[in-house]
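Trainee: CSV, C-alpha atoms and all ligand atoms, saved as input-v9.csv, coming up:
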chain,number,residue,atom,x,y,z
A,17,MET,CA,178.0,34.7,148.0
A,18,LYS,CA,181.3,33.9,149.6
A,19,ASP,CA,184.0,33.1,147.1
A,20,ARG,CA,184.5,29.5,148.2
A,21,PRO,CA,182.1,26.5,148.3
A,22,VAL,CA,180.5,25.5,151.6
A,23,GLY,CA,182.3,22.7,153.3
A,24,LEU,CA,179.8,19.9,153.7
A,25,GLY,CA,180.3,17.3,156.4
A,26,ILE,CA,178.0,14.3,156.6
A,27,MET,CA,177.3,11.8,159.5
A,28,ALA,CA,175.8,8.5,158.5
A,29,SER,CA,175.5,5.0,159.9
A,30,GLY,CA,174.2,3.0,157.0
A,31,ARG,CA,174.2,2.5,153.2
A,32,GLY,CA,174.5,6.2,152.5
A,33,SER,CA,172.0,6.8,149.7
A,34,ASN,CA,171.3,10.3,151.0
A,35,ALA,CA,175.0,11.0,151.4
A,36,GLU,CA,175.4,9.9,147.8
A,37,ALA,CA,172.6,12.2,146.6
A,38,LEU,CA,174.3,15.2,148.4
A,39,LEU,CA,177.8,14.4,147.3
A,40,ALA,CA,176.5,14.0,143.7
A,41,ALA,CA,174.9,17.4,143.8
A,42,CYS,CA,178.2,18.9,145.0
A,43,ALA,CA,180.3,17.0,142.4
A,44,GLU,CA,177.9,18.0,139.6
A,45,GLY,CA,177.9,21.6,140.5
A,46,ARG,CA,174.2,21.7,141.5
A,47,LEU,CA,175.3,23.0,144.9
A,48,ASN,CA,178.0,25.6,145.8
A,49,ALA,CA,179.4,23.0,148.2
A,50,LYS,CA,182.1,20.5,148.5
A,51,GLY,CA,182.0,17.3,150.5
A,52,VAL,CA,184.9,17.6,153.1
A,53,LEU,CA,184.3,14.7,155.5
A,54,VAL,CA,182.0,11.8,156.1
A,55,LEU,CA,181.9,10.5,159.7
A,56,SER,CA,180.2,7.3,160.8
A,57,ASN,CA,179.9,5.3,164.0
A,58,ASN,CA,180.0,2.1,161.9
A,59,PRO,CA,183.2,0.9,160.1
A,60,GLU,CA,181.1,-1.5,158.0
A,61,ALA,CA,178.7,1.2,156.8
A,62,GLY,CA,178.2,1.5,153.0
A,63,VAL,CA,178.6,5.2,153.3
A,64,HIS,CA,182.4,4.8,153.4
A,65,ASP,CA,182.3,3.3,149.9
A,66,VAL,CA,180.1,6.2,148.8
A,67,ALA,CA,182.6,8.7,150.2
A,68,ALA,CA,185.5,6.9,148.5
A,69,ARG,CA,183.7,7.0,145.1
A,70,PHE,CA,183.5,10.8,145.4
A,71,GLY,CA,187.0,11.2,146.8
A,72,VAL,CA,185.8,12.5,150.1
A,73,PRO,CA,187.6,11.3,153.3
A,74,SER,CA,185.6,9.2,155.6
A,75,ARG,CA,186.3,8.1,159.2
A,76,THR,CA,184.7,6.0,161.9
A,77,ILE,CA,184.6,7.6,165.3
A,78,ARG,CA,182.8,5.6,168.0
A,79,ARG,CA,181.7,6.7,171.4
A,80,ASP,CA,183.1,3.5,173.0
A,81,GLU,CA,186.6,4.5,171.9
A,82,PHE,CA,186.6,7.2,174.5
A,83,GLU,CA,186.5,7.4,178.3
A,84,SER,CA,184.1,10.3,178.3
A,85,GLY,CA,181.4,11.8,176.2
A,86,GLU,CA,183.3,15.1,176.3
A,87,GLU,CA,186.3,13.5,174.6
A,88,PHE,CA,184.1,11.9,172.0
A,89,ALA,CA,182.4,15.2,171.2
A,90,ALA,CA,185.7,17.1,171.2
A,91,THR,CA,187.1,14.6,168.6
A,92,LEU,CA,184.1,14.9,166.4
A,93,ILE,CA,184.3,18.7,166.6
A,94,ARG,CA,188.0,18.7,165.8
A,95,ALA,CA,187.6,16.4,162.9
A,96,PHE,CA,184.9,18.6,161.3
A,97,HIS,CA,186.8,21.8,162.0
A,98,ASP,CA,190.0,20.5,160.6
A,99,ALA,CA,188.2,19.4,157.5
A,100,GLY,CA,186.8,22.9,157.0
A,101,THR,CA,183.2,22.0,157.7
A,102,ASP,CA,180.5,24.8,157.5
A,103,LEU,CA,177.4,22.6,157.4
A,104,ILE,CA,176.8,19.1,158.8
A,105,CYS,CA,174.1,16.9,157.3
A,106,LEU,CA,172.9,13.9,159.2
A,107,ALA,CA,171.9,11.3,156.7
A,108,GLY,CA,170.8,8.2,158.6
A,109,TYR,CA,173.0,8.8,161.6
A,110,MET,CA,171.7,6.4,164.3
A,111,ARG,CA,173.2,7.9,167.4
A,112,LYS,CA,172.4,10.9,169.4
A,113,VAL,CA,174.5,13.9,168.3
A,114,PRO,CA,176.5,15.2,171.3
A,115,SER,CA,175.2,18.6,172.5
A,116,ALA,CA,178.7,20.0,172.4
A,117,LEU,CA,178.8,19.3,168.7
A,118,ILE,CA,175.4,21.1,168.3
A,119,ARG,CA,176.8,24.1,170.2
A,120,ALA,CA,179.9,24.1,168.1
A,121,PHE,CA,177.9,24.3,164.8
A,122,PRO,CA,175.0,26.6,165.7
A,123,ASP,CA,172.2,26.5,163.0
A,124,ALA,CA,174.5,24.4,160.9
A,125,ILE,CA,173.4,20.8,161.5
A,126,LEU,CA,170.5,19.4,159.5
A,127,ASN,CA,168.7,16.1,159.8
A,128,ILE,CA,166.4,14.3,157.4
A,129,HIS,CA,163.5,12.3,158.7
A,130,PRO,CA,161.4,10.1,156.4
A,131,ALA,CA,157.9,11.3,157.6
A,132,LEU,CA,156.0,14.4,158.3
A,133,LEU,CA,157.3,15.6,161.7
A,134,PRO,CA,156.1,16.1,164.4
A,135,ARG,CA,154.2,12.9,163.5
A,136,HIS,CA,156.2,9.7,163.7
A,137,GLY,CA,159.4,11.1,165.1
A,138,GLY,CA,161.3,11.0,168.4
A,139,LYS,CA,163.5,8.4,170.1
A,140,GLY,CA,163.5,5.0,168.6
A,141,MET,CA,161.7,6.2,165.4
A,142,TYR,CA,164.1,5.3,162.7
A,143,GLY,CA,164.4,2.9,159.8
A,144,PRO,CA,161.4,0.7,159.0
A,145,ARG,CA,159.7,1.7,162.3
A,146,VAL,CA,158.9,5.1,161.0
A,147,HIS,CA,157.0,3.6,158.0
A,148,GLU,CA,155.4,1.0,160.2
A,149,ALA,CA,154.1,3.7,162.4
A,150,VAL,CA,152.8,5.7,159.4
A,151,ILE,CA,150.9,2.7,158.1
A,152,ALA,CA,149.5,1.7,161.6
A,153,SER,CA,148.3,5.3,162.2
A,154,GLY,CA,146.0,5.2,159.2
A,155,ASP,CA,147.5,8.4,157.8
A,156,ARG,CA,146.7,8.7,154.1
A,157,GLU,CA,149.8,10.7,153.3
A,158,THR,CA,153.5,10.7,154.2
A,159,GLY,CA,156.5,12.7,153.2
A,160,VAL,CA,159.9,14.0,154.2
A,161,SER,CA,161.0,16.5,156.8
A,162,ILE,CA,164.4,18.3,157.0
A,163,HIS,CA,165.0,20.1,160.3
A,164,TYR,CA,167.7,21.8,162.2
A,165,VAL,CA,169.2,19.6,164.9
A,166,ASP,CA,168.8,20.6,168.5
A,167,ALA,CA,169.3,18.6,171.7
A,168,GLU,CA,166.2,16.5,171.3
A,169,TYR,CA,165.5,13.8,168.8
A,170,ASP,CA,163.6,15.0,165.7
A,171,ARG,CA,162.5,18.2,167.5
A,172,GLY,CA,164.5,21.1,166.0
A,173,PRO,CA,162.8,23.7,163.8
A,174,ILE,CA,161.7,22.4,160.4
A,175,MET,CA,163.5,23.8,157.4
A,176,ILE,CA,161.7,22.1,154.6
A,177,GLN,CA,158.8,19.6,154.6
A,178,ARG,CA,157.2,18.0,151.7
A,179,GLY,CA,154.2,15.6,151.8
A,180,GLY,CA,152.2,14.2,148.9
A,181,ILE,CA,153.3,10.6,149.1
A,182,GLU,CA,150.1,8.6,149.3
A,183,VAL,CA,149.9,5.7,151.7
A,184,ARG,CA,148.4,2.9,149.6
A,185,SER,CA,146.3,0.1,151.1
A,186,GLY,CA,148.8,-2.7,150.1
A,187,ASP,CA,151.8,-0.7,151.3
A,188,THR,CA,154.5,-2.5,153.4
A,189,PRO,CA,157.1,-0.5,155.3
A,190,GLU,CA,159.5,-1.4,152.5
A,191,SER,CA,157.3,-0.3,149.6
A,192,LEU,CA,156.5,3.0,151.4
A,193,ALA,CA,160.2,3.5,152.3
A,194,ALA,CA,161.2,3.2,148.7
A,195,ARG,CA,158.9,6.0,147.5
A,196,VAL,CA,159.8,8.2,150.4
A,197,LEU,CA,163.5,7.7,149.7
A,198,GLU,CA,163.2,9.1,146.2
A,199,LEU,CA,161.8,12.3,147.6
A,200,GLU,CA,164.5,12.4,150.3
A,201,HIS,CA,167.2,12.4,147.7
A,202,THR,CA,165.8,15.5,145.9
A,203,LEU,CA,164.7,17.3,148.9
A,204,TYR,CA,168.0,17.1,150.9
A,205,ALA,CA,169.9,18.9,148.1
A,206,GLN,CA,167.2,21.6,148.0
A,207,ALA,CA,167.5,22.0,151.8
A,208,VAL,CA,171.3,22.5,151.5
A,209,ALA,CA,170.8,25.0,148.7
A,210,ARG,CA,168.4,26.9,150.9
A,211,TRP,CA,170.8,26.7,153.9
A,212,ILE,CA,173.6,28.2,151.7
A,213,GLU,CA,171.3,31.0,150.6
A,214,GLN,CA,170.3,31.8,154.1
A,215,HIS,CA,173.6,31.3,156.0
A,216,PHE,CA,176.4,31.7,153.6
A,217,THR,CA,175.9,34.8,151.6
A,301,LIG,C1,166.8,7.6,155.4
A,301,LIG,O1,165.5,7.1,155.3
A,301,LIG,C2,166.8,8.8,156.3
A,301,LIG,O2,165.6,9.6,156.2
A,301,LIG,C3,166.8,8.2,157.7
A,301,LIG,O3,167.7,7.0,157.5
A,301,LIG,C4,167.6,6.6,156.2
A,301,LIG,C5,169.0,6.5,155.7
A,301,LIG,O4,169.1,6.0,154.4
A,301,LIG,N1,167.2,9.1,158.7
A,301,LIG,P1,170.5,6.1,153.6
A,301,LIG,O5,171.6,5.5,154.4
A,301,LIG,O6,170.7,7.5,153.3
A,301,LIG,O7,170.2,5.3,152.3
Translate the structure described by the file into structure tokens.
Ligand code: GRF
Mentor:
Amino acid sequence: MKDRPVGLGIMASGRGSNAEALLAACAEGRLNAKGVLVLSNNPEAGVHDVAARFGVPSRTIRRDEFESGEEFAATLIRAFHDAGTDLICLAGYMRKVPSALIRAFPDAILNIHPALLPRHGGKGMYGPRVHEAVIASGDRETGVSIHYVDAEYDRGPIMIQRGGIEVRSGDTPESLAARVLELEHTLYAQAVARWIEQHFT
């Protein structure tokens, strides 16, 4: 074990309940990690308030502030490096992650997806659409997948996957999402613990 905590960076676009679960696990000492930076593409995202509550700096960096994708990616990379980031967790980040960022953090970017990949993933599969697709498919069970991020949406190697959430006959995308979200919150911290064991000893 290295003699310092893992620097945890988070990218999120929305309310930030997964970010909150991760930052709480750090703050409570359940993970040998420290939240170092939250980046968003959305200045209004609830995740900024979450970060502030945990005393973690947060910033908005948007692609449209830059002339080129290269400059955008370089700014993200610099922000994470300057903050001392070892691991980046995507937690509801609604934009494609620039490939230069993926190259700058090899095997060190994780994403959480609220279904059992490779089912119900890929471009456009986010938010309620995922749960709509699960219900429409007739699948009897859903769950959560946490995977390494590579250049394609939802396609990197799976790190942890957990099923066991029954799809009930009266389920709406919202009711299903709520049960899946509970599992997301526990599983993401487990994935980070596993990453630390595998990559930071
Ligand atoms: C979660 O369902 C996550 O799996 C998906 O986006 C949602 C983000 O929710 N990628 P929150 O902002 O963490 O509450």
Trainee: Find the nearest atom pair between each residue of range 22-87 of chain A and range 108-119 of chain A for residues within 6 Å, count all atoms listed in the file, give distances in Å to one decimal, sort rows by chain and ascending number, and present the table as a Markdown table.
Mentor:
| residue | atom | partner | partner_atom | distance |
| --- | --- | --- | --- | --- |
| A:Met27 | CA | A:Tyr109 | CA | 5.6 |
| A:Ala28 | CA | A:Tyr109 | CA | 4.2 |
| A:Ser29 | CA | A:Tyr109 | CA | 4.9 |
Trainee: Please list as a VMD selection string every residue within 10 Å of Leu55 in chain A, counting all atoms listed in the file and excluding residues in the same chain fewer than 6 positions away.
Mentor: chain A and resid 25 to 29 63 to 64 67 73 to 78 92 95 to 96 106 109
Trainee: Quick one: residues within 10 Å of ligand LIG 301 (chain A), with only C-alpha atoms and all ligand atoms, as a PyMOL selection string?
Mentor: chain A and resi 27-38+61-63+106-110+127-131+141-144+146-147+160-162+170+193-194+196-201+204
Trainee: Quick check, in Å to one decimal: how far apart do CA of Ile151 in chain A and CA of Val165 in chain A lie?
Mentor: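 Answer for the CA of Ile151 in chain A to CA of Val165 in chain A separation: 25.8 Å.
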Trainee: Considering all atoms listed in the file, return as a list in words whatever protein or nucleic-acid residues lie within 12 Å of Glu148 in chain A, sequence-local ones (same chain, fewer than 6 positions apart) excluded.
Mentor: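 Residues near the query, excluding close chain neighbours: Pro130, Ala131, His136, Gly137, Met141, Tyr142, Gly154, Asp155, Thr158, Val183, Asp187, Thr188, Pro189, Glu190, Ser191, Leu192 and Ala193 of chain A.
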Trainee: Which residue, A:Asn57, A:His97, A:Ala40, A:Glu81, has the smallest gap to Arg69 in chain A when you use all atoms listed in the file?
Mentor: A:Ala40
Trainee: Near Arg46 in chain A, counting all atoms listed in the file, which residues have an atom at most 12 Å away, once you skip same-chain residues fewer than 6 positions from it, shown as a PDB file with C-alpha atoms, keeping the file's coordinate frame?
Mentor:
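Generated output (around-v2.pdb):
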ATOM      1  CA  PRO A  21     182.100  26.500 148.300  1.00  0.00           C
ATOM      2  CA  ALA A  37     172.600  12.200 146.600  1.00  0.00           C
ATOM      3  CA  LEU A  38     174.300  15.200 148.400  1.00  0.00           C
ATOM      4  CA  LEU A  39     177.800  14.400 147.300  1.00  0.00           C
ATOM      5  CA  ALA A  40     176.500  14.000 143.700  1.00  0.00           C
ATOM      6  CA  THR A 202     165.800  15.500 145.900  1.00  0.00           C
ATOM      7  CA  ALA A 205     169.900  18.900 148.100  1.00  0.00           C
ATOM      8  CA  GLN A 206     167.200  21.600 148.000  1.00  0.00           C
ATOM      9  CA  VAL A 208     171.300  22.500 151.500  1.00  0.00           C
ATOM     10  CA  ALA A 209     170.800  25.000 148.700  1.00  0.00           C
TER      11      ALA A 209
END
Trainee: Rounded to one decimal in Å, what is the spacing between CA of Phe82 in chain A and CA of Asp102 in chain A?
Mentor: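 It comes out at 25.2 Å.
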Trainee: Quick check, in Å to one decimal: how far apart do CA of Val72 in chain A and CA of Pro59 in chain A lie?
Mentor: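 Distance between the two atoms: 15.5 Å.
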Trainee: Which is closest to Ile176 in chain A among A:Glu213, A:Leu133, A:Phe88, A:Lys139, if we use all atoms listed in the file?
Mentor: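 Counting all atoms listed in the file, the residue closest to Ile176 in chain A is A:Leu133.
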Trainee: Generate the missing atoms of range 155-166 of chain A up to N, CA and C atoms and report them as a tab-separated table (two decimals), in the frame of the given file.
Mentor:
chain	number	residue	atom	x	y	z
A	155	ASP	N	147.29	7.22	158.59
A	155	ASP	CA	147.50	8.40	157.80
A	155	ASP	C	147.43	8.09	156.32
A	156	ARG	N	146.84	9.00	155.55
A	156	ARG	CA	146.70	8.70	154.10
A	156	ARG	C	147.88	9.24	153.32
A	157	GLU	N	148.71	10.02	153.98
A	157	GLU	CA	149.80	10.70	153.30
A	157	GLU	C	151.05	10.69	154.15
A	158	THR	N	152.21	10.57	153.51
A	158	THR	CA	153.50	10.70	154.20
A	158	THR	C	154.39	11.64	153.43
A	159	GLY	N	155.60	11.79	153.89
A	159	GLY	CA	156.50	12.70	153.20
A	159	GLY	C	157.86	12.74	153.89
A	160	VAL	N	158.52	13.86	153.74
A	160	VAL	CA	159.90	14.00	154.20
A	160	VAL	C	160.03	15.34	154.96
A	161	SER	N	160.77	15.32	156.06
A	161	SER	CA	161.00	16.50	156.80
A	161	SER	C	162.56	16.71	156.95
A	162	ILE	N	163.02	17.94	156.75
A	162	ILE	CA	164.40	18.30	157.00
A	162	ILE	C	164.43	19.37	158.05
A	163	HIS	N	165.12	19.13	159.14
A	163	HIS	CA	165.00	20.10	160.30
A	163	HIS	C	166.42	20.37	160.82
A	164	TYR	N	166.52	21.52	161.48
A	164	TYR	CA	167.70	21.80	162.20
A	164	TYR	C	167.79	20.88	163.42
A	165	VAL	N	169.00	20.52	163.81
A	165	VAL	CA	169.20	19.60	164.90
A	165	VAL	C	169.37	20.37	166.20
A	166	ASP	N	168.55	20.05	167.19
A	166	ASP	CA	168.80	20.60	168.50
A	166	ASP	C	168.94	19.38	169.47
